[in-house]
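Below: data_19.cif (mmCIF, C-alpha atoms and all ligand atoms)
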data_upload
loop_
_atom_site.label_atom_id
_atom_site.label_comp_id
_atom_site.auth_asym_id
_atom_site.auth_seq_id
_atom_site.Cartn_x
_atom_site.Cartn_y
_atom_site.Cartn_z
CA MET A 1 50.46 3.46 69.76
CA SER A 2 48.45 2.06 66.94
CA GLU A 3 46.69 3.80 64.13
CA ILE A 4 44.24 2.38 61.60
CA THR A 5 43.58 4.30 58.41
CA LEU A 6 40.92 3.57 55.80
CA LYS A 7 41.49 5.36 52.49
CA ASN A 8 38.69 5.27 49.96
CA ILE A 9 37.82 1.72 50.97
CA CYS A 10 35.26 0.13 48.66
CA LYS A 11 33.49 -3.21 48.56
CA GLN A 12 31.64 -4.63 45.60
CA TYR A 13 30.14 -8.08 45.94
CA ASP A 14 29.01 -7.75 42.32
CA ASP A 15 29.76 -5.40 39.39
CA GLU A 16 26.51 -3.54 39.77
CA HIS A 17 26.57 -1.82 43.13
CA TYR A 18 28.78 -0.94 46.08
CA ALA A 19 28.17 -2.46 49.53
CA VAL A 20 30.71 0.13 50.79
CA LYS A 21 31.91 3.14 48.80
CA ASP A 22 34.84 5.46 49.52
CA PHE A 23 35.03 4.89 53.25
CA ASN A 24 37.62 7.28 54.71
CA LEU A 25 38.60 7.28 58.37
CA ASP A 26 41.61 7.71 60.65
CA ILE A 27 41.17 5.66 63.80
CA HIS A 28 43.45 6.76 66.59
CA ASP A 29 44.88 4.74 69.43
CA LYS A 30 42.38 4.08 72.26
CA GLU A 31 39.36 5.36 70.38
CA PHE A 32 35.98 3.65 70.76
CA VAL A 33 34.64 4.07 67.25
CA ILE A 34 31.10 3.02 66.45
CA PHE A 35 29.74 2.21 63.00
CA VAL A 36 26.00 2.79 63.18
CA GLY A 37 23.21 2.74 60.61
CA PRO A 38 20.33 0.65 59.34
CA SER A 39 20.63 -3.01 58.43
CA GLY A 40 22.46 -3.55 55.14
CA CYS A 41 24.28 -0.18 55.11
CA GLY A 42 27.75 -1.80 55.07
CA LYS A 43 28.86 -1.71 58.72
CA SER A 44 29.69 -5.37 59.03
CA THR A 45 31.37 -5.51 55.63
CA THR A 46 33.66 -2.63 56.62
CA LEU A 47 34.57 -4.29 59.92
CA ARG A 48 35.25 -7.57 58.15
CA MET A 49 37.52 -5.83 55.65
CA ILE A 50 39.53 -4.39 58.54
CA ALA A 51 39.74 -7.87 60.09
CA GLY A 52 40.77 -9.40 56.77
CA LEU A 53 37.74 -11.68 56.68
CA GLU A 54 36.54 -9.97 53.50
CA ASP A 55 38.59 -8.80 50.49
CA ILE A 56 38.89 -5.07 49.89
CA SER A 57 37.69 -4.25 46.34
CA ASP A 58 39.36 -0.85 46.16
CA GLY A 59 41.15 1.61 48.44
CA GLU A 60 43.84 1.19 51.08
CA LEU A 61 43.88 -0.15 54.62
CA TRP A 62 46.83 1.02 56.70
CA ILE A 63 47.68 -0.33 60.15
CA ASP A 64 50.63 1.35 61.84
CA ASP A 65 52.15 2.63 58.60
CA GLU A 66 51.84 -0.72 56.87
CA LEU A 67 49.58 -1.28 53.87
CA CYS A 68 47.46 -4.22 54.99
CA ASN A 69 45.04 -4.94 52.12
CA TYR A 70 46.57 -8.36 51.55
CA LEU A 71 47.83 -9.15 55.05
CA GLU A 72 46.56 -12.40 56.59
CA PRO A 73 43.95 -11.88 59.32
CA ARG A 74 46.20 -13.38 61.96
CA ASP A 75 48.96 -10.91 61.14
CA ARG A 76 46.79 -7.82 61.57
CA GLY A 77 46.76 -7.90 65.37
CA MET A 78 42.98 -7.59 65.62
CA SER A 79 40.59 -9.60 67.80
CA MET A 80 37.03 -10.10 66.63
CA VAL A 81 34.04 -10.47 68.93
CA PHE A 82 30.91 -11.71 67.21
CA GLN A 83 27.21 -11.57 68.00
CA ASN A 84 26.96 -15.35 68.17
CA TYR A 85 29.98 -15.71 70.53
CA ALA A 86 31.96 -18.15 68.32
CA LEU A 87 33.05 -20.36 71.22
CA TYR A 88 34.28 -23.94 70.93
CA PRO A 89 31.45 -25.99 72.49
CA ASN A 90 33.58 -28.94 73.54
CA MET A 91 36.21 -26.92 75.33
CA THR A 92 35.97 -25.49 78.81
CA VAL A 93 35.83 -21.73 79.29
CA TYR A 94 39.48 -21.83 80.30
CA ASP A 95 40.49 -23.70 77.14
CA ASN A 96 38.40 -21.41 74.96
CA MET A 97 40.25 -18.42 76.36
CA ALA A 98 43.64 -20.13 76.24
CA TYR A 99 43.29 -21.52 72.72
CA ALA A 100 44.80 -18.69 70.68
CA LEU A 101 47.75 -18.50 73.06
CA LYS A 102 48.35 -22.27 72.97
CA ILE A 103 48.49 -22.10 69.18
CA ARG A 104 51.12 -19.41 69.52
CA LYS A 105 53.06 -21.78 71.76
CA MET A 106 53.07 -19.41 74.68
CA PRO A 107 54.46 -21.01 77.88
CA LYS A 108 51.78 -22.61 80.06
CA ALA A 109 52.44 -20.44 83.10
CA GLU A 110 52.12 -17.29 81.05
CA ILE A 111 48.87 -18.52 79.47
CA ASP A 112 47.56 -19.34 82.92
CA GLU A 113 48.30 -15.87 84.20
CA LYS A 114 46.72 -14.13 81.21
CA VAL A 115 43.56 -16.25 81.31
CA HIS A 116 43.10 -15.71 85.03
CA GLN A 117 43.70 -12.01 84.74
CA ALA A 118 41.14 -11.63 81.94
CA ALA A 119 38.67 -13.84 83.81
CA LYS A 120 39.08 -11.63 86.87
CA THR A 121 38.48 -8.45 84.86
CA LEU A 122 35.31 -9.96 83.41
CA GLU A 123 34.23 -11.60 86.68
CA ILE A 124 34.03 -15.09 85.20
CA GLU A 125 36.72 -16.81 87.30
CA HIS A 126 34.12 -19.14 88.80
CA LEU A 127 33.11 -20.32 85.30
CA LEU A 128 36.51 -21.41 83.99
CA LYS A 129 35.79 -25.15 84.25
CA ARG A 130 32.39 -25.02 82.58
CA ARG A 131 31.60 -25.59 78.93
CA PRO A 132 29.81 -22.92 76.86
CA GLY A 133 26.59 -24.96 76.81
CA ALA A 134 26.27 -24.45 80.57
CA LEU A 135 26.49 -20.65 80.38
CA SER A 136 23.94 -17.87 79.95
CA GLY A 137 24.10 -15.53 76.95
CA GLY A 138 25.80 -12.81 78.95
CA GLN A 139 28.35 -15.24 80.35
CA LYS A 140 29.11 -16.58 76.87
CA GLN A 141 29.67 -13.07 75.61
CA ARG A 142 32.07 -12.40 78.49
CA VAL A 143 34.02 -15.52 77.55
CA ALA A 144 34.16 -14.37 73.92
CA ILE A 145 35.46 -10.98 75.07
CA GLY A 146 37.92 -12.76 77.39
CA SER A 147 39.25 -14.81 74.46
CA ALA A 148 39.81 -11.55 72.60
CA ILE A 149 41.47 -9.80 75.58
CA VAL A 150 44.14 -12.45 76.17
CA ARG A 151 45.45 -11.91 72.63
CA LYS A 152 46.40 -8.35 73.56
CA PRO A 153 45.25 -7.05 70.19
CA LYS A 154 45.98 -3.65 68.66
CA ALA A 155 42.23 -3.29 68.36
CA PHE A 156 39.02 -5.12 69.20
CA LEU A 157 36.57 -5.46 66.34
CA MET A 158 33.08 -6.07 67.70
CA ASP A 159 30.13 -6.91 65.48
CA GLU A 160 26.83 -6.40 67.33
CA PRO A 161 28.23 -8.20 70.38
CA LEU A 162 25.23 -7.43 72.60
CA SER A 163 22.32 -7.93 70.23
CA ASN A 164 21.56 -11.48 71.36
CA LEU A 165 21.16 -10.36 74.96
CA ASP A 166 17.98 -9.18 76.63
CA ALA A 167 17.48 -5.46 77.33
CA LYS A 168 18.50 -5.60 80.98
CA LEU A 169 21.70 -7.52 80.34
CA ARG A 170 22.47 -5.30 77.37
CA ALA A 171 22.30 -2.23 79.60
CA GLN A 172 24.62 -3.88 82.13
CA MET A 173 27.09 -5.00 79.46
CA ARG A 174 27.16 -1.48 78.01
CA ILE A 175 28.43 -0.18 81.32
CA GLU A 176 30.97 -2.99 81.52
CA LEU A 177 32.23 -2.44 77.99
CA SER A 178 32.83 1.24 78.74
CA LYS A 179 34.73 0.26 81.86
CA LEU A 180 36.70 -2.37 79.98
CA HIS A 181 37.65 0.15 77.32
CA ARG A 182 38.99 2.52 79.97
CA GLU A 183 40.82 -0.22 81.84
CA LEU A 184 42.41 -1.92 78.85
CA GLY A 185 43.20 1.33 77.07
CA THR A 186 42.89 -0.22 73.60
CA THR A 187 41.12 0.73 70.42
CA ILE A 188 37.64 -0.67 69.87
CA ILE A 189 35.77 -0.60 66.57
CA TYR A 190 32.18 -1.54 67.19
CA VAL A 191 29.24 -2.21 64.88
CA THR A 192 25.67 -1.70 66.00
CA HIS A 193 22.28 -0.61 64.72
CA ASP A 194 21.32 0.41 68.27
CA GLN A 195 21.40 4.18 68.77
CA THR A 196 21.61 3.96 72.56
CA GLU A 197 24.64 1.73 72.30
CA ALA A 198 26.25 4.09 69.81
CA MET A 199 25.60 7.19 71.90
CA THR A 200 26.66 5.73 75.25
CA LEU A 201 29.72 3.76 74.16
CA GLY A 202 31.31 5.69 71.34
CA THR A 203 34.04 8.28 71.59
CA ARG A 204 33.37 8.81 67.88
CA ILE A 205 30.44 7.74 65.77
CA VAL A 206 30.41 6.93 62.07
CA VAL A 207 26.91 7.12 60.64
CA MET A 208 26.45 5.01 57.49
CA LYS A 209 23.67 4.74 54.95
CA ASP A 210 23.60 2.69 51.72
CA GLY A 211 27.32 1.98 51.89
CA ILE A 212 28.27 5.61 52.33
CA VAL A 213 29.56 7.47 55.38
CA GLN A 214 27.09 10.26 56.19
CA GLN A 215 28.71 11.74 59.28
CA VAL A 216 31.69 11.24 61.56
CA ALA A 217 31.42 13.00 64.91
CA GLU A 218 31.74 12.75 68.65
CA PRO A 219 28.39 11.69 70.11
CA GLN A 220 27.53 15.12 71.54
CA LYS A 221 28.32 16.76 68.20
CA LEU A 222 26.15 14.65 65.89
CA TYR A 223 23.81 17.10 64.18
CA ASN A 224 20.94 14.71 64.26
CA ASN A 225 20.89 11.44 66.08
CA PRO A 226 21.79 8.34 64.07
P1 LIG A 301 25.22 -4.14 57.83
O1 LIG A 301 26.32 -4.75 58.61
O2 LIG A 301 25.21 -2.66 57.92
O3 LIG A 301 23.89 -4.73 58.14
P2 LIG A 301 26.41 -5.50 55.59
O4 LIG A 301 27.80 -5.01 55.59
O5 LIG A 301 26.16 -6.84 56.17
O6 LIG A 301 25.47 -4.42 56.28
O7 LIG A 301 25.88 -5.51 54.09
C1 LIG A 301 26.07 -4.42 53.21
C2 LIG A 301 25.51 -4.79 51.83
O8 LIG A 301 26.29 -5.83 51.27
C3 LIG A 301 24.08 -5.30 51.86
O9 LIG A 301 23.43 -4.83 50.72
C4 LIG A 301 24.25 -6.78 51.83
O10 LIG A 301 23.14 -7.39 51.24
C5 LIG A 301 25.48 -6.94 50.98
N1 LIG A 301 26.23 -8.17 51.33
C6 LIG A 301 26.76 -8.47 52.54
N2 LIG A 301 27.41 -9.64 52.51
C7 LIG A 301 27.29 -10.11 51.23
C8 LIG A 301 27.76 -11.27 50.55
N3 LIG A 301 28.48 -12.20 51.19
N4 LIG A 301 27.45 -11.39 49.25
C9 LIG A 301 26.73 -10.44 48.60
N5 LIG A 301 26.29 -9.32 49.18
C10 LIG A 301 26.55 -9.15 50.47
P1 LIG A 302 46.82 -17.24 65.29
O1 LIG A 302 47.23 -17.67 66.65
O2 LIG A 302 47.73 -17.70 64.23
O3 LIG A 302 46.46 -15.79 65.23
P2 LIG A 302 44.12 -17.96 65.74
O4 LIG A 302 43.51 -19.31 65.77
O5 LIG A 302 44.32 -17.26 67.01
O6 LIG A 302 45.49 -18.06 64.96
O7 LIG A 302 43.20 -17.05 64.83
C1 LIG A 302 43.38 -16.94 63.45
C2 LIG A 302 42.53 -15.79 62.97
O8 LIG A 302 41.15 -16.14 63.02
C3 LIG A 302 42.59 -14.55 63.84
O9 LIG A 302 43.70 -13.74 63.59
C4 LIG A 302 41.32 -13.85 63.49
O10 LIG A 302 41.41 -13.08 62.33
C5 LIG A 302 40.36 -14.97 63.22
N1 LIG A 302 39.42 -15.17 64.34
C6 LIG A 302 38.45 -16.09 64.34
N2 LIG A 302 37.74 -16.01 65.46
C7 LIG A 302 38.28 -15.04 66.21
C8 LIG A 302 37.99 -14.49 67.49
N3 LIG A 302 36.98 -14.90 68.27
N4 LIG A 302 38.77 -13.51 67.93
C9 LIG A 302 39.76 -13.08 67.18
N5 LIG A 302 40.07 -13.54 65.97
C10 LIG A 302 39.35 -14.53 65.48
#

Give the structure from the file, written as structure tokens.
Amino acid sequence: MSEITLKNICKQYDDEHYAVKDFNLDIHDKEFVIFVGPSGCGKSTTLRMIAGLEDISDGELWIDDELCNYLEPRDRGMSMVFQNYALYPNMTVYDNMAYALKIRKMPKAEIDEKVHQAAKTLEIEHLLKRRPGALSGGQKQRVAIGSAIVRKPKAFLMDEPLSNLDAKLRAQMRIELSKLHRELGTTIIYVTHDQTEAMTLGTRIVVMKDGIVQQVAEPQKLYNNP
């Protein structure tokens, strides 16, 4: 069971104004939480503070009863998936997915099993020997998700992972992400400005505007659509 709690989290890039102000949220195990809202409202900043890629200006971040404001990213047990895939271009798909586990000195056989299992889930087993340059956008995004899966994180943090894909592929990947969430049974925190994505994927939706949380609700209970 893992639990992520944000208590009055604030971010100021300068003294003048808040990029995020007093963000409060309890994220429960296995939730699919969506941060939605217009560009610049603070979604990505909040996600990056949870990941540890951005300092928290004020407030408290708790992960499993541990105060994590100053914890190194690698010690937070989160896996990020970015819009631009963040793959290593000179490594094969297999090596991209295996990389984090190799660094952790996991035995080869175990790495092999995990990579193949994730590749099977994502239906990219036939691509394992290719390099990212020889993949389509959707395939690259699957590899990025695969690299995150093998880490067995407490939570996936996804920042607009589908926004570089065309509409058709986006629709397909939405279905697959829902399925993946059910199958893996882990927490996902997901940033998007796309209302359809928010409404179809989220078990809970956080609507943001100008750095402030406007609403937190299950999709069917939002009083007006994001
Ligand atoms: P969103 O993800 O919702 O588009 P962001 O979290 O990226 O919004 O940005 C929130 C606010 O913080 C915006 O006003 C943005 O300009 C500002 N901001 C984001 N990153 C930086 C940065 N590195 N330096 C200064 N301001 C930033
Ligand atoms: P370690 O094995 O020590 O965790 P990694 O190379 O796996 O080192 O990653 C270090 C940190 O870099 C991660 O914990 C994470 O915060 C960040 N990171 C960068 N890219 C990713 C990604 N695609 N997925 C997950 N984390 C990433």

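Going from CA of Val20 (chain A) over to atom O3 of ligand LIG 301 (chain A), you cover 11.1 Å.
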
Test item: residues lying within 12 Å of ligand LIG 301 (chain A) with all atoms listed in the file, as a ChimeraX atom specification
/A:10-21,34-49,53-55,82-83,158-160,190-194,206-213

May I have the residues within 8 Å of region 161-169 of chain A as an NGL selection string, using all atoms listed in the file and disregarding those fewer than 4 positions away in the same chain?
:A and (81-85 or 137-138 or 141 or 173)

Using all atoms listed in the file, which residue out of A:Ala51, A:Ile149, A:Leu25, A:Val93 lies closest to Leu135 (chain A)?
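That would be A:Val93, the residue with the smallest distance to Leu135 (chain A).
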
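Ranking A:Thr200, A:Tyr223, A:Lys154, A:Ala86 by their shortest atom-to-atom distance to Lys179 (chain A), with all atoms listed in the file included, puts A:Thr200 first.
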